[in-house]
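Coordinates from structure-v2.txt are shown below (compact mmCIF, N, CA and C atoms).
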# COMPACT_ATOMS: atom_id res chain seq x y z
N MET A 1 -9.28 14.24 16.54
CA MET A 1 -8.05 14.46 15.83
C MET A 1 -7.78 15.95 15.68
N ALA A 2 -6.53 16.30 15.74
CA ALA A 2 -6.13 17.69 15.58
C ALA A 2 -6.16 18.07 14.10
N ASP A 3 -6.50 19.32 13.83
CA ASP A 3 -6.44 19.84 12.46
C ASP A 3 -4.99 19.94 12.01
N ILE A 4 -4.77 19.74 10.71
CA ILE A 4 -3.44 19.95 10.14
C ILE A 4 -3.58 20.97 9.02
N SER A 5 -2.46 21.56 8.67
CA SER A 5 -2.49 22.53 7.57
C SER A 5 -2.39 21.79 6.24
N PHE A 6 -2.71 22.49 5.16
CA PHE A 6 -2.56 21.91 3.84
C PHE A 6 -1.09 21.58 3.56
N ASP A 7 -0.19 22.42 4.05
CA ASP A 7 1.24 22.13 3.90
C ASP A 7 1.63 20.83 4.59
N ASP A 8 1.02 20.54 5.76
CA ASP A 8 1.27 19.26 6.43
C ASP A 8 0.79 18.11 5.56
N PHE A 9 -0.39 18.25 4.97
CA PHE A 9 -0.94 17.21 4.11
C PHE A 9 -0.01 16.95 2.93
N LEU A 10 0.54 18.00 2.36
CA LEU A 10 1.42 17.85 1.19
C LEU A 10 2.71 17.09 1.51
N LYS A 11 3.05 17.00 2.78
CA LYS A 11 4.24 16.24 3.18
C LYS A 11 4.04 14.74 3.01
N VAL A 12 2.78 14.29 2.98
CA VAL A 12 2.48 12.87 2.82
C VAL A 12 2.48 12.56 1.33
N ASP A 13 3.42 11.74 0.90
CA ASP A 13 3.58 11.42 -0.52
C ASP A 13 2.79 10.15 -0.84
N ILE A 14 1.60 10.33 -1.39
CA ILE A 14 0.72 9.22 -1.74
C ILE A 14 0.77 9.04 -3.25
N ARG A 15 1.12 7.83 -3.69
CA ARG A 15 1.30 7.54 -5.11
C ARG A 15 0.47 6.34 -5.55
N VAL A 16 0.21 6.30 -6.85
CA VAL A 16 -0.45 5.15 -7.47
C VAL A 16 0.63 4.12 -7.81
N GLY A 17 0.38 2.88 -7.42
CA GLY A 17 1.29 1.80 -7.75
C GLY A 17 0.53 0.62 -8.30
N ARG A 18 1.27 -0.34 -8.86
CA ARG A 18 0.67 -1.57 -9.37
C ARG A 18 1.33 -2.76 -8.67
N VAL A 19 0.50 -3.63 -8.12
CA VAL A 19 1.01 -4.84 -7.47
C VAL A 19 1.60 -5.74 -8.55
N ILE A 20 2.88 -6.06 -8.39
CA ILE A 20 3.54 -6.91 -9.39
C ILE A 20 3.81 -8.33 -8.86
N ARG A 21 3.71 -8.48 -7.55
CA ARG A 21 3.91 -9.80 -6.94
C ARG A 21 3.21 -9.79 -5.59
N ALA A 22 2.62 -10.91 -5.20
CA ALA A 22 1.97 -11.03 -3.89
C ALA A 22 2.06 -12.48 -3.44
N GLU A 23 2.23 -12.66 -2.14
CA GLU A 23 2.30 -14.01 -1.58
C GLU A 23 1.83 -14.00 -0.14
N PRO A 24 1.39 -15.15 0.35
CA PRO A 24 0.97 -15.22 1.76
C PRO A 24 2.13 -14.85 2.68
N PHE A 25 1.77 -14.41 3.88
CA PHE A 25 2.77 -14.03 4.89
C PHE A 25 2.46 -14.83 6.16
N PRO A 26 2.77 -16.15 6.15
CA PRO A 26 2.40 -17.01 7.29
C PRO A 26 3.12 -16.66 8.58
N GLU A 27 4.26 -15.95 8.51
CA GLU A 27 5.01 -15.61 9.73
C GLU A 27 4.38 -14.44 10.48
N ALA A 28 3.46 -13.73 9.87
CA ALA A 28 2.83 -12.57 10.52
C ALA A 28 1.95 -13.03 11.69
N ARG A 29 1.85 -12.17 12.71
CA ARG A 29 1.00 -12.49 13.86
C ARG A 29 -0.47 -12.60 13.48
N LYS A 30 -0.93 -11.71 12.60
CA LYS A 30 -2.30 -11.76 12.09
C LYS A 30 -2.22 -12.08 10.61
N PRO A 31 -3.25 -12.73 10.06
CA PRO A 31 -3.20 -13.09 8.63
C PRO A 31 -2.89 -11.88 7.75
N ALA A 32 -1.92 -12.03 6.86
CA ALA A 32 -1.48 -10.92 6.02
C ALA A 32 -0.98 -11.44 4.69
N ILE A 33 -0.79 -10.51 3.78
CA ILE A 33 -0.25 -10.80 2.46
C ILE A 33 0.93 -9.87 2.22
N LYS A 34 2.03 -10.42 1.70
CA LYS A 34 3.17 -9.61 1.29
C LYS A 34 2.95 -9.19 -0.16
N MET A 35 3.27 -7.92 -0.45
CA MET A 35 3.11 -7.41 -1.81
C MET A 35 4.35 -6.64 -2.23
N TRP A 36 4.66 -6.75 -3.51
CA TRP A 36 5.70 -5.95 -4.14
C TRP A 36 4.98 -5.05 -5.14
N ILE A 37 5.18 -3.73 -5.02
CA ILE A 37 4.41 -2.75 -5.78
C ILE A 37 5.36 -1.87 -6.58
N ASP A 38 5.04 -1.70 -7.86
CA ASP A 38 5.80 -0.83 -8.74
C ASP A 38 5.18 0.56 -8.70
N PHE A 39 5.97 1.55 -8.26
CA PHE A 39 5.52 2.94 -8.21
C PHE A 39 6.15 3.78 -9.32
N GLY A 40 6.65 3.15 -10.37
CA GLY A 40 7.19 3.88 -11.51
C GLY A 40 8.66 4.22 -11.35
N PRO A 41 9.24 4.86 -12.38
CA PRO A 41 10.69 5.08 -12.40
C PRO A 41 11.22 6.00 -11.29
N GLU A 42 10.43 6.95 -10.83
CA GLU A 42 10.92 7.88 -9.80
C GLU A 42 11.05 7.20 -8.44
N ILE A 43 10.10 6.36 -8.07
CA ILE A 43 10.06 5.71 -6.75
C ILE A 43 10.62 4.28 -6.83
N GLY A 44 10.25 3.57 -7.88
CA GLY A 44 10.69 2.19 -8.04
C GLY A 44 9.77 1.20 -7.37
N GLU A 45 10.29 0.00 -7.15
CA GLU A 45 9.53 -1.08 -6.52
C GLU A 45 9.68 -0.99 -5.01
N ARG A 46 8.59 -1.14 -4.31
CA ARG A 46 8.58 -1.17 -2.84
C ARG A 46 7.77 -2.37 -2.39
N LYS A 47 8.10 -2.89 -1.21
CA LYS A 47 7.37 -4.03 -0.67
C LYS A 47 6.65 -3.65 0.60
N THR A 48 5.59 -4.39 0.89
CA THR A 48 4.78 -4.12 2.07
C THR A 48 4.05 -5.39 2.47
N SER A 49 3.50 -5.38 3.66
CA SER A 49 2.57 -6.44 4.06
C SER A 49 1.29 -5.76 4.53
N ALA A 50 0.18 -6.42 4.31
CA ALA A 50 -1.10 -5.83 4.68
C ALA A 50 -2.05 -6.91 5.17
N GLN A 51 -2.83 -6.57 6.18
CA GLN A 51 -3.82 -7.49 6.74
C GLN A 51 -5.12 -7.35 5.94
N ILE A 52 -5.11 -7.90 4.75
CA ILE A 52 -6.22 -7.73 3.81
C ILE A 52 -6.79 -9.08 3.36
N THR A 53 -6.57 -10.13 4.13
CA THR A 53 -6.95 -11.47 3.71
C THR A 53 -8.45 -11.72 3.73
N ALA A 54 -9.24 -10.85 4.35
CA ALA A 54 -10.70 -11.04 4.36
C ALA A 54 -11.29 -10.88 2.96
N HIS A 55 -10.66 -10.05 2.13
CA HIS A 55 -11.23 -9.77 0.80
C HIS A 55 -10.31 -10.10 -0.36
N TYR A 56 -9.04 -10.39 -0.09
CA TYR A 56 -8.08 -10.58 -1.18
C TYR A 56 -7.24 -11.83 -0.96
N THR A 57 -6.82 -12.40 -2.08
CA THR A 57 -5.81 -13.47 -2.07
C THR A 57 -4.64 -12.94 -2.90
N PRO A 58 -3.47 -13.53 -2.76
CA PRO A 58 -2.35 -13.05 -3.58
C PRO A 58 -2.68 -13.01 -5.08
N ASP A 59 -3.38 -14.02 -5.57
CA ASP A 59 -3.71 -14.06 -7.00
C ASP A 59 -4.59 -12.90 -7.45
N THR A 60 -5.48 -12.44 -6.58
CA THR A 60 -6.39 -11.35 -6.97
C THR A 60 -5.73 -9.98 -6.89
N LEU A 61 -4.55 -9.91 -6.30
CA LEU A 61 -3.87 -8.62 -6.12
C LEU A 61 -2.93 -8.27 -7.27
N VAL A 62 -2.32 -9.26 -7.88
CA VAL A 62 -1.34 -9.00 -8.94
C VAL A 62 -2.03 -8.29 -10.10
N GLY A 63 -1.44 -7.16 -10.50
CA GLY A 63 -1.99 -6.36 -11.58
C GLY A 63 -2.90 -5.24 -11.13
N ARG A 64 -3.32 -5.26 -9.88
CA ARG A 64 -4.24 -4.26 -9.34
C ARG A 64 -3.50 -2.96 -9.02
N GLN A 65 -4.13 -1.84 -9.29
CA GLN A 65 -3.59 -0.56 -8.86
C GLN A 65 -4.00 -0.30 -7.41
N VAL A 66 -3.08 0.29 -6.65
CA VAL A 66 -3.31 0.63 -5.25
C VAL A 66 -2.74 2.01 -4.98
N MET A 67 -3.12 2.57 -3.85
CA MET A 67 -2.55 3.84 -3.39
C MET A 67 -1.67 3.54 -2.19
N GLY A 68 -0.51 4.18 -2.15
CA GLY A 68 0.39 3.93 -1.04
C GLY A 68 1.17 5.17 -0.63
N VAL A 69 1.46 5.26 0.67
CA VAL A 69 2.31 6.32 1.21
C VAL A 69 3.74 5.83 1.05
N VAL A 70 4.53 6.57 0.25
CA VAL A 70 5.87 6.11 -0.09
C VAL A 70 6.98 6.81 0.70
N ASN A 71 6.62 7.77 1.57
CA ASN A 71 7.69 8.48 2.29
C ASN A 71 7.66 8.25 3.80
N PHE A 72 7.10 7.13 4.25
CA PHE A 72 7.29 6.70 5.63
C PHE A 72 8.59 5.91 5.71
N PRO A 73 9.25 5.92 6.86
CA PRO A 73 10.46 5.08 6.97
C PRO A 73 10.08 3.60 6.95
N PRO A 74 10.99 2.73 6.48
CA PRO A 74 10.72 1.29 6.49
C PRO A 74 10.42 0.81 7.90
N ARG A 75 9.62 -0.26 7.98
CA ARG A 75 9.23 -0.82 9.27
C ARG A 75 9.36 -2.34 9.23
N GLN A 76 10.04 -2.87 10.22
CA GLN A 76 10.24 -4.32 10.31
C GLN A 76 8.95 -4.97 10.82
N ILE A 77 8.43 -5.93 10.07
CA ILE A 77 7.25 -6.68 10.48
C ILE A 77 7.65 -8.14 10.48
N GLY A 78 7.99 -8.65 11.67
CA GLY A 78 8.53 -10.01 11.75
C GLY A 78 9.80 -10.08 10.93
N PRO A 79 9.91 -11.09 10.06
CA PRO A 79 11.12 -11.22 9.24
C PRO A 79 11.10 -10.39 7.96
N PHE A 80 10.10 -9.54 7.80
CA PHE A 80 9.87 -8.82 6.54
C PHE A 80 9.98 -7.31 6.77
N MET A 81 10.69 -6.61 5.86
CA MET A 81 10.82 -5.16 5.96
C MET A 81 9.77 -4.51 5.05
N SER A 82 8.84 -3.79 5.66
CA SER A 82 7.79 -3.09 4.91
C SER A 82 8.29 -1.69 4.56
N GLU A 83 8.18 -1.32 3.27
CA GLU A 83 8.73 -0.06 2.78
C GLU A 83 7.68 0.96 2.34
N VAL A 84 6.43 0.59 2.36
CA VAL A 84 5.35 1.47 1.92
C VAL A 84 4.08 1.12 2.71
N LEU A 85 3.22 2.10 2.93
CA LEU A 85 1.94 1.86 3.58
C LEU A 85 0.86 1.91 2.52
N VAL A 86 0.25 0.76 2.25
CA VAL A 86 -0.87 0.70 1.30
C VAL A 86 -2.12 1.18 2.02
N LEU A 87 -2.91 2.00 1.33
CA LEU A 87 -4.09 2.59 1.95
C LEU A 87 -5.33 1.70 1.80
N GLY A 88 -6.10 1.64 2.85
CA GLY A 88 -7.35 0.87 2.85
C GLY A 88 -8.29 1.42 3.90
N ALA A 89 -9.48 0.85 3.94
CA ALA A 89 -10.49 1.25 4.93
C ALA A 89 -11.20 0.00 5.42
N HIS A 90 -11.60 0.02 6.69
CA HIS A 90 -12.34 -1.11 7.26
C HIS A 90 -13.76 -1.10 6.72
N ASP A 91 -14.24 -2.29 6.34
CA ASP A 91 -15.63 -2.42 5.95
C ASP A 91 -16.46 -2.74 7.20
N PRO A 92 -17.79 -2.78 7.11
CA PRO A 92 -18.61 -3.02 8.31
C PRO A 92 -18.33 -4.34 9.01
N ASP A 93 -17.79 -5.32 8.29
CA ASP A 93 -17.50 -6.62 8.90
C ASP A 93 -16.10 -6.70 9.50
N GLY A 94 -15.32 -5.62 9.40
CA GLY A 94 -13.99 -5.60 9.99
C GLY A 94 -12.87 -5.95 9.04
N GLY A 95 -13.18 -6.30 7.81
CA GLY A 95 -12.14 -6.55 6.82
C GLY A 95 -11.61 -5.23 6.29
N VAL A 96 -10.50 -5.28 5.58
CA VAL A 96 -9.92 -4.08 5.00
C VAL A 96 -10.10 -4.13 3.49
N VAL A 97 -10.59 -3.02 2.94
CA VAL A 97 -10.77 -2.86 1.50
C VAL A 97 -9.73 -1.86 1.02
N LEU A 98 -8.99 -2.21 0.00
CA LEU A 98 -7.95 -1.33 -0.52
C LEU A 98 -8.54 -0.11 -1.20
N ILE A 99 -7.84 1.01 -1.09
CA ILE A 99 -8.21 2.24 -1.77
C ILE A 99 -7.42 2.29 -3.08
N ALA A 100 -8.13 2.53 -4.18
CA ALA A 100 -7.49 2.54 -5.50
C ALA A 100 -8.22 3.51 -6.41
N PRO A 101 -7.54 4.00 -7.45
CA PRO A 101 -8.24 4.86 -8.41
C PRO A 101 -9.35 4.09 -9.12
N ASP A 102 -10.41 4.79 -9.51
CA ASP A 102 -11.49 4.09 -10.21
C ASP A 102 -11.30 4.09 -11.73
N LYS A 103 -10.21 4.70 -12.20
CA LYS A 103 -9.79 4.63 -13.59
C LYS A 103 -8.31 4.30 -13.60
N GLU A 104 -7.84 3.73 -14.70
CA GLU A 104 -6.41 3.42 -14.84
C GLU A 104 -5.62 4.72 -14.84
N ILE A 105 -4.62 4.82 -13.97
CA ILE A 105 -3.77 6.00 -13.81
C ILE A 105 -2.33 5.57 -14.02
N PRO A 106 -1.49 6.40 -14.63
CA PRO A 106 -0.08 6.02 -14.77
C PRO A 106 0.54 5.78 -13.38
N ILE A 107 1.29 4.69 -13.26
CA ILE A 107 1.90 4.39 -11.97
C ILE A 107 2.92 5.47 -11.62
N GLY A 108 3.00 5.74 -10.33
CA GLY A 108 3.89 6.78 -9.85
C GLY A 108 3.20 8.12 -9.71
N GLU A 109 2.01 8.26 -10.26
CA GLU A 109 1.29 9.54 -10.20
C GLU A 109 0.99 9.87 -8.74
N ARG A 110 1.24 11.11 -8.37
CA ARG A 110 1.03 11.57 -6.99
C ARG A 110 -0.41 12.01 -6.78
N MET A 111 -0.94 11.68 -5.60
CA MET A 111 -2.28 12.13 -5.25
C MET A 111 -2.27 13.64 -5.08
N CYS A 112 -3.33 14.28 -5.56
CA CYS A 112 -3.38 15.74 -5.44
C CYS A 112 -4.67 16.17 -4.76

Output the file's structure in the form of structure tokens.
Amino acid sequence: MADISFDDFLKVDIRVGRVIRAEPFPEARKPAIKMWIDFGPEIGERKTSAQITAHYTPDTLVGRQVMGVVNFPPRQIGPFMSEVLVLGAHDPDGGVVLIAPDKEIPIGERMC
């Protein structure tokens, strides 16, 4: 990977959000979950889909804090428009684990 400057990094707007709604996404090519995330009054509610079914169900996601990139353009995923990229990392078994603060943080707070 090429090095980037700190100014380049600052262009990526990563915020804390709270999942307020989640449901299965059976129309997706790979198993996924649709989520609606509240990023606070400045950003508002955004929706996304994520291939996180190895470790999460819709019921376990509601109320959870997550980190998301809020300044990517929307992307059509099948019949669903994704408006935010939720951050995660692959575990050794190939599932995706969500990245989240380890303490409760006000929603909308920007990563620094």

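The closest residue to A:Arg21, picked from A:Glu42, A:Asp59, A:Thr53, A:Pro101 and counting all atoms listed in the file, is A:Asp59.
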
Residue neighbourhood A:Phe72, 7 Å, only N, CA and C atoms, exclusion window fewer than 5 positions, as a PyMOL selection string: chain A and resi 13+83-85

Distance query 5 Å from (-2.3, 7.3, -4.8) using only N, CA and C atoms, result as a list in words: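 Here the neighbourhood of the point contains Ile14, Arg15, Val16, Met67, Gly68 and Met111 of chain A.
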
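We find atom CA of A:Lys47 and atom CA of A:Ser82 to be spaced 5.7 Å apart.
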
Every residue of chain A that DSSP places in strand (DSSP E or B), as a ChimeraX atom specification: /A:14-24,33-38,45-50,65-69,75-77,80-82,85-86,88-90,96-98,110

Separation of atom C of A:Ala22 from atom N of A:Lys103, in Å and rounded to one decimal: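 Separating atom C of A:Ala22 from atom N of A:Lys103 is a distance of 22.9 Å.
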
Which of A:Cys112, A:Val66, A:Ile52, A:Ile33 sits closest to A:Ala100 [using all atoms listed in the file]: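 Checking each of A:Cys112, A:Val66, A:Ile52, A:Ile33 against A:Ala100, counting all atoms listed in the file, the winner is A:Val66.
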
For atom CA of A:Pro79 and atom C of A:Ala28, the interatomic separation in Å (one decimal):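 Separation of atom CA of A:Pro79 and atom C of A:Ala28: 9.7 Å.
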
From A:Val62, A:Asp38, A:Gly17, A:Pro31, residue lying nearest A:Ile99 [only C-alpha atoms]: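 Once distances to A:Ile99 are computed over only C-alpha atoms, the minimum belongs to A:Gly17.
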
Long-range neighbours of A:Val97 as a list of chain:residue names, 7 Å cut-off, all atoms listed in the file, 6 positions minimum in chain: A:Ile52, A:His55, A:Leu87, A:Gly88, A:Ala89, A:His90, A:Asp91

All alpha helix (DSSP H) positions in stretch 9-54 of chain A, as a ChimeraX atom specification: /A:9-10,40-43

Residue with smallest distance to A:Thr60 - pool A:Asp7, A:Glu45, A:Glu23, A:Glu109, counting only C-alpha atoms: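 Going through A:Asp7, A:Glu45, A:Glu23, A:Glu109 one by one, the smallest distance to A:Thr60 is for A:Glu23.
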
Residue nearest A:Thr48 among A:Met35, A:Leu61, A:Ala2, A:Ile77 (counting only C-alpha atoms):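 Using only C-alpha atoms, the shortest distance to A:Thr48 belongs to A:Met35.
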
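For the set A:Pro26, A:Gly40, A:Asp3, A:Ile20, the residue with the smallest atom-to-atom gap to A:Gly63 is A:Ile20, counting only N, CA and C atoms.
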
Centre and edge lengths of an axis-aligned box around all listed atoms of stretch 28-45 of chain A, with 3 Å added on each side, are to be given in Å to one decimal, as lines of an AutoDock Vina configuration file.
center_x = 4.0
center_y = -2.9
center_z = 0.7
size_x = 20.5
size_y = 27.6
size_z = 32.3
